[in-house]
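Quick notes on the structure that follows.
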Amino acid sequence: MVDTVQVLAIDPVSHDLYIAERGNNRIQRITNAGVFVHMWGTHGTGNGFFDGPLGIAADAAGNVYVTDHNNNRIQKFRVTGGTTVNHLTTWGGGGTAAGQLNGPYGITLDASNTLWVADAFNHRLQRFDINGNLLKETVRQVMDNLASTELAASSGVSVTVEIQNGTIRQGLASRTNQIYKSFGYE
């Protein structure tokens, strides 16, 4: 049974679907034909455990990246053969310093293999390489009202929805400290 689906990601090679289930603290993989393949995770704080997975992204190398909201971290897994899942690394940790996270929501991988993470309660976006090394922290004032965020990336463009004031902001990867466009009301 699927409970409290937060976000979906599509495997760029197999086109299988990864589902982040916040309510069951797990990830499910389903084929593009709708057939259940595998699931992993349960509630906890150790590697491979989750406390509110809210975001998920997958790359062509078989890696899956999960925002572990209440544990204030990102977990990276390697999925091979459809059902074998290995935890590779974890980064973030609670805090306000660059590279630390406080309630991460959305995560996406752009065309340059850069991970964009919506660090919701720190009111910022952070960019990491696929190994968890911090590349850039977006200026906090830009993301002043970030409460709940979903991200999408294509050719280096990120989209952020600011729930508290209804504004949609779009920024270019090469201009991470500036707003490129704003839509909606402020």
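Order determines the names: the first chain of the structure tokens is A, the second B, and so forth; residues in each chain are numbered 1 upward, and ligands are numbered 1 upward as they are shown.
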So that each row is one residue of region 7-114 of chain A with an atom at most 10 Å from region 135-138 of chain A, can you give its shortest atom pair and the distance in Å to one decimal, using only C-alpha atoms, rows by chain and rising number, as a tab-separated table?
```
residue	atom	partner	partner_atom	distance
A:Ala97	CA	A:Glu137	CA	9.6
A:Ala98	CA	A:Glu137	CA	6.4
A:Gly99	CA	A:Glu137	CA	7.7
A:Thr114	CA	A:Leu135	CA	8.5
```
Same residues, all heavy atoms, saved as a PDB file, in the first residue's frame:
```pdb
ATOM      1  N   ALA A  97      24.801  26.344   8.465  1.00  0.00           N
ATOM      2  CA  ALA A  97      26.020  26.634   7.702  1.00  0.00           C
ATOM      3  C   ALA A  97      25.871  26.124   6.270  1.00  0.00           C
ATOM      4  O   ALA A  97      25.058  25.238   5.994  1.00  0.00           O
ATOM      5  CB  ALA A  97      27.228  25.987   8.369  1.00  0.00           C
ATOM      6  N   ALA A  98      26.649  26.667   5.368  1.00  0.00           N
ATOM      7  CA  ALA A  98      26.640  26.199   3.983  1.00  0.00           C
ATOM      8  C   ALA A  98      26.935  24.702   3.959  1.00  0.00           C
ATOM      9  O   ALA A  98      27.849  24.230   4.621  1.00  0.00           O
ATOM     10  CB  ALA A  98      27.674  26.961   3.160  1.00  0.00           C
ATOM     11  N   GLY A  99      26.117  23.949   3.225  1.00  0.00           N
ATOM     12  CA  GLY A  99      26.262  22.503   3.147  1.00  0.00           C
ATOM     13  C   GLY A  99      25.408  21.745   4.143  1.00  0.00           C
ATOM     14  O   GLY A  99      25.150  20.563   3.968  1.00  0.00           O
ATOM     15  N   THR A 114      24.417  18.333 -11.613  1.00  0.00           N
ATOM     16  CA  THR A 114      24.437  19.119 -10.387  1.00  0.00           C
ATOM     17  C   THR A 114      23.119  18.884  -9.671  1.00  0.00           C
ATOM     18  O   THR A 114      22.053  18.942 -10.281  1.00  0.00           O
ATOM     19  CB  THR A 114      24.591  20.619 -10.705  1.00  0.00           C
ATOM     20  OG1 THR A 114      25.837  20.808 -11.374  1.00  0.00           O
ATOM     21  CG2 THR A 114      24.544  21.462  -9.445  1.00  0.00           C
TER      22      THR A 114
END
```
May I have the residues within 10 Å of Val85 (chain A) as a PDB file with all heavy atoms, in the first residue's frame, using only C-alpha atoms and disregarding those fewer than 5 positions away in the same chain?
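Contents of result.pdb, freshly written:
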```pdb
ATOM      1  N   HIS A  38      10.461  -3.193  -6.409  1.00  0.00           N
ATOM      2  CA  HIS A  38      11.216  -3.268  -5.159  1.00  0.00           C
ATOM      3  C   HIS A  38      10.874  -2.055  -4.285  1.00  0.00           C
ATOM      4  O   HIS A  38      10.432  -1.029  -4.793  1.00  0.00           O
ATOM      5  CB  HIS A  38      12.710  -3.264  -5.483  1.00  0.00           C
ATOM      6  CG  HIS A  38      13.610  -3.444  -4.305  1.00  0.00           C
ATOM      7  ND1 HIS A  38      13.677  -4.606  -3.593  1.00  0.00           N
ATOM      8  CD2 HIS A  38      14.495  -2.605  -3.710  1.00  0.00           C
ATOM      9  CE1 HIS A  38      14.564  -4.482  -2.615  1.00  0.00           C
ATOM     10  NE2 HIS A  38      15.067  -3.277  -2.671  1.00  0.00           N
ATOM     11  N   MET A  39      11.118  -2.185  -2.982  1.00  0.00           N
ATOM     12  CA  MET A  39      11.025  -1.039  -2.078  1.00  0.00           C
ATOM     13  C   MET A  39      12.129  -1.158  -1.042  1.00  0.00           C
ATOM     14  O   MET A  39      12.628  -2.243  -0.766  1.00  0.00           O
ATOM     15  CB  MET A  39       9.657  -0.944  -1.424  1.00  0.00           C
ATOM     16  CG  MET A  39       9.350  -1.967  -0.386  1.00  0.00           C
ATOM     17  SD  MET A  39       7.740  -1.660   0.338  1.00  0.00           S
ATOM     18  CE  MET A  39       6.974  -3.223   0.043  1.00  0.00           C
ATOM     19  N   TRP A  40      12.523  -0.006  -0.506  1.00  0.00           N
ATOM     20  CA  TRP A  40      13.518  -0.013   0.558  1.00  0.00           C
ATOM     21  C   TRP A  40      13.275   1.146   1.503  1.00  0.00           C
ATOM     22  O   TRP A  40      12.658   2.136   1.147  1.00  0.00           O
ATOM     23  CB  TRP A  40      14.937  -0.008   0.017  1.00  0.00           C
ATOM     24  CG  TRP A  40      15.468   1.290  -0.526  1.00  0.00           C
ATOM     25  CD1 TRP A  40      16.139   2.255   0.156  1.00  0.00           C
ATOM     26  CD2 TRP A  40      15.370   1.766  -1.872  1.00  0.00           C
ATOM     27  NE1 TRP A  40      16.474   3.294  -0.680  1.00  0.00           N
ATOM     28  CE2 TRP A  40      16.014   3.011  -1.932  1.00  0.00           C
ATOM     29  CE3 TRP A  40      14.801   1.261  -3.042  1.00  0.00           C
ATOM     30  CZ2 TRP A  40      16.104   3.770  -3.100  1.00  0.00           C
ATOM     31  CZ3 TRP A  40      14.893   2.008  -4.202  1.00  0.00           C
ATOM     32  CH2 TRP A  40      15.541   3.244  -4.218  1.00  0.00           C
ATOM     33  N   GLY A  48      20.218   4.367   5.123  1.00  0.00           N
ATOM     34  CA  GLY A  48      19.167   3.569   4.506  1.00  0.00           C
ATOM     35  C   GLY A  48      17.821   3.668   5.195  1.00  0.00           C
ATOM     36  O   GLY A  48      16.832   3.125   4.715  1.00  0.00           O
ATOM     37  N   GLY A  62      22.403   4.953 -12.373  1.00  0.00           N
ATOM     38  CA  GLY A  62      21.721   4.076 -11.426  1.00  0.00           C
ATOM     39  C   GLY A  62      21.713   4.585 -10.005  1.00  0.00           C
ATOM     40  O   GLY A  62      21.372   3.852  -9.075  1.00  0.00           O
ATOM     41  N   ASN A  63      22.056   5.854  -9.810  1.00  0.00           N
ATOM     42  CA  ASN A  63      22.033   6.447  -8.472  1.00  0.00           C
ATOM     43  C   ASN A  63      20.691   7.100  -8.206  1.00  0.00           C
ATOM     44  O   ASN A  63      20.090   7.702  -9.096  1.00  0.00           O
ATOM     45  CB  ASN A  63      23.141   7.494  -8.337  1.00  0.00           C
ATOM     46  CG  ASN A  63      24.508   6.883  -8.513  1.00  0.00           C
ATOM     47  OD1 ASN A  63      24.828   5.872  -7.891  1.00  0.00           O
ATOM     48  ND2 ASN A  63      25.312   7.477  -9.367  1.00  0.00           N
ATOM     49  N   VAL A  64      20.243   6.992  -6.959  1.00  0.00           N
ATOM     50  CA  VAL A  64      19.005   7.619  -6.511  1.00  0.00           C
ATOM     51  C   VAL A  64      19.350   8.496  -5.317  1.00  0.00           C
ATOM     52  O   VAL A  64      20.048   8.060  -4.393  1.00  0.00           O
ATOM     53  CB  VAL A  64      17.946   6.559  -6.126  1.00  0.00           C
ATOM     54  CG1 VAL A  64      16.693   7.216  -5.578  1.00  0.00           C
ATOM     55  CG2 VAL A  64      17.604   5.682  -7.331  1.00  0.00           C
ATOM     56  N   PHE A  77      21.919   6.433  -3.067  1.00  0.00           N
ATOM     57  CA  PHE A  77      21.879   4.983  -3.197  1.00  0.00           C
ATOM     58  C   PHE A  77      22.251   4.586  -4.615  1.00  0.00           C
ATOM     59  O   PHE A  77      22.032   5.341  -5.553  1.00  0.00           O
ATOM     60  CB  PHE A  77      20.465   4.456  -2.910  1.00  0.00           C
ATOM     61  CG  PHE A  77      19.960   4.793  -1.546  1.00  0.00           C
ATOM     62  CD1 PHE A  77      19.262   5.975  -1.322  1.00  0.00           C
ATOM     63  CD2 PHE A  77      20.178   3.938  -0.485  1.00  0.00           C
ATOM     64  CE1 PHE A  77      18.794   6.298  -0.056  1.00  0.00           C
ATOM     65  CE2 PHE A  77      19.709   4.252   0.785  1.00  0.00           C
ATOM     66  CZ  PHE A  77      19.017   5.440   1.004  1.00  0.00           C
ATOM     67  N   ARG A  78      22.773   3.379  -4.777  1.00  0.00           N
ATOM     68  CA  ARG A  78      23.009   2.795  -6.103  1.00  0.00           C
ATOM     69  C   ARG A  78      22.034   1.646  -6.253  1.00  0.00           C
ATOM     70  O   ARG A  78      21.980   0.746  -5.413  1.00  0.00           O
ATOM     71  CB  ARG A  78      24.442   2.296  -6.223  1.00  0.00           C
ATOM     72  CG  ARG A  78      24.774   1.462  -7.448  1.00  0.00           C
ATOM     73  CD  ARG A  78      24.832   2.203  -8.786  1.00  0.00           C
ATOM     74  NE  ARG A  78      25.580   3.416  -8.807  1.00  0.00           N
ATOM     75  CZ  ARG A  78      26.890   3.525  -9.022  1.00  0.00           C
ATOM     76  NH1 ARG A  78      27.622   2.471  -9.208  1.00  0.00           N
ATOM     77  NH2 ARG A  78      27.457   4.719  -9.040  1.00  0.00           N
ATOM     78  N   VAL A  79      21.255   1.678  -7.324  1.00  0.00           N
ATOM     79  CA  VAL A  79      20.296   0.619  -7.618  1.00  0.00           C
ATOM     80  C   VAL A  79      20.841  -0.177  -8.804  1.00  0.00           C
ATOM     81  O   VAL A  79      21.089   0.385  -9.872  1.00  0.00           O
ATOM     82  CB  VAL A  79      18.903   1.198  -7.947  1.00  0.00           C
ATOM     83  CG1 VAL A  79      17.913   0.087  -8.260  1.00  0.00           C
ATOM     84  CG2 VAL A  79      18.395   2.059  -6.784  1.00  0.00           C
ATOM     85  N   THR A  80      21.035  -1.474  -8.600  1.00  0.00           N
ATOM     86  CA  THR A  80      21.534  -2.338  -9.676  1.00  0.00           C
ATOM     87  C   THR A  80      20.631  -3.558  -9.794  1.00  0.00           C
ATOM     88  O   THR A  80      20.087  -4.034  -8.793  1.00  0.00           O
ATOM     89  CB  THR A  80      22.980  -2.802  -9.412  1.00  0.00           C
ATOM     90  OG1 THR A  80      23.035  -3.458  -8.141  1.00  0.00           O
ATOM     91  CG2 THR A  80      23.945  -1.639  -9.417  1.00  0.00           C
TER      92      THR A  80
END
```
- Message: Calculated over only C-alpha atoms, which of the candidates A:Ile107, A:Leu115, A:Leu125, A:Val37 has the smallest distance to Gly81 (chain A)?
- Response: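 Residue with the minimum atom-to-atom distance to Gly81 (chain A): A:Val37.
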- Message: Just to confirm, what's the straight-line distance from CA of Leu109 (chain A) to CA of Ile56 (chain A) in Å (one decimal)?
- Response: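 It comes out at 9.5 Å.
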- Could you give me, as an MDAnalysis selection string, the residues within 12 Å of Gly44 (chain A), counting only C-alpha atoms and dropping anything in the same chain fewer than 2 positions from it? chainID A and resid 24:26 41:42 46:53 68:71
- Query: By how many Å are CA of Val66 (chain A) and CA of Val13 (chain A) apart?
  - Reply: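 A separation of 18.2 Å between them.
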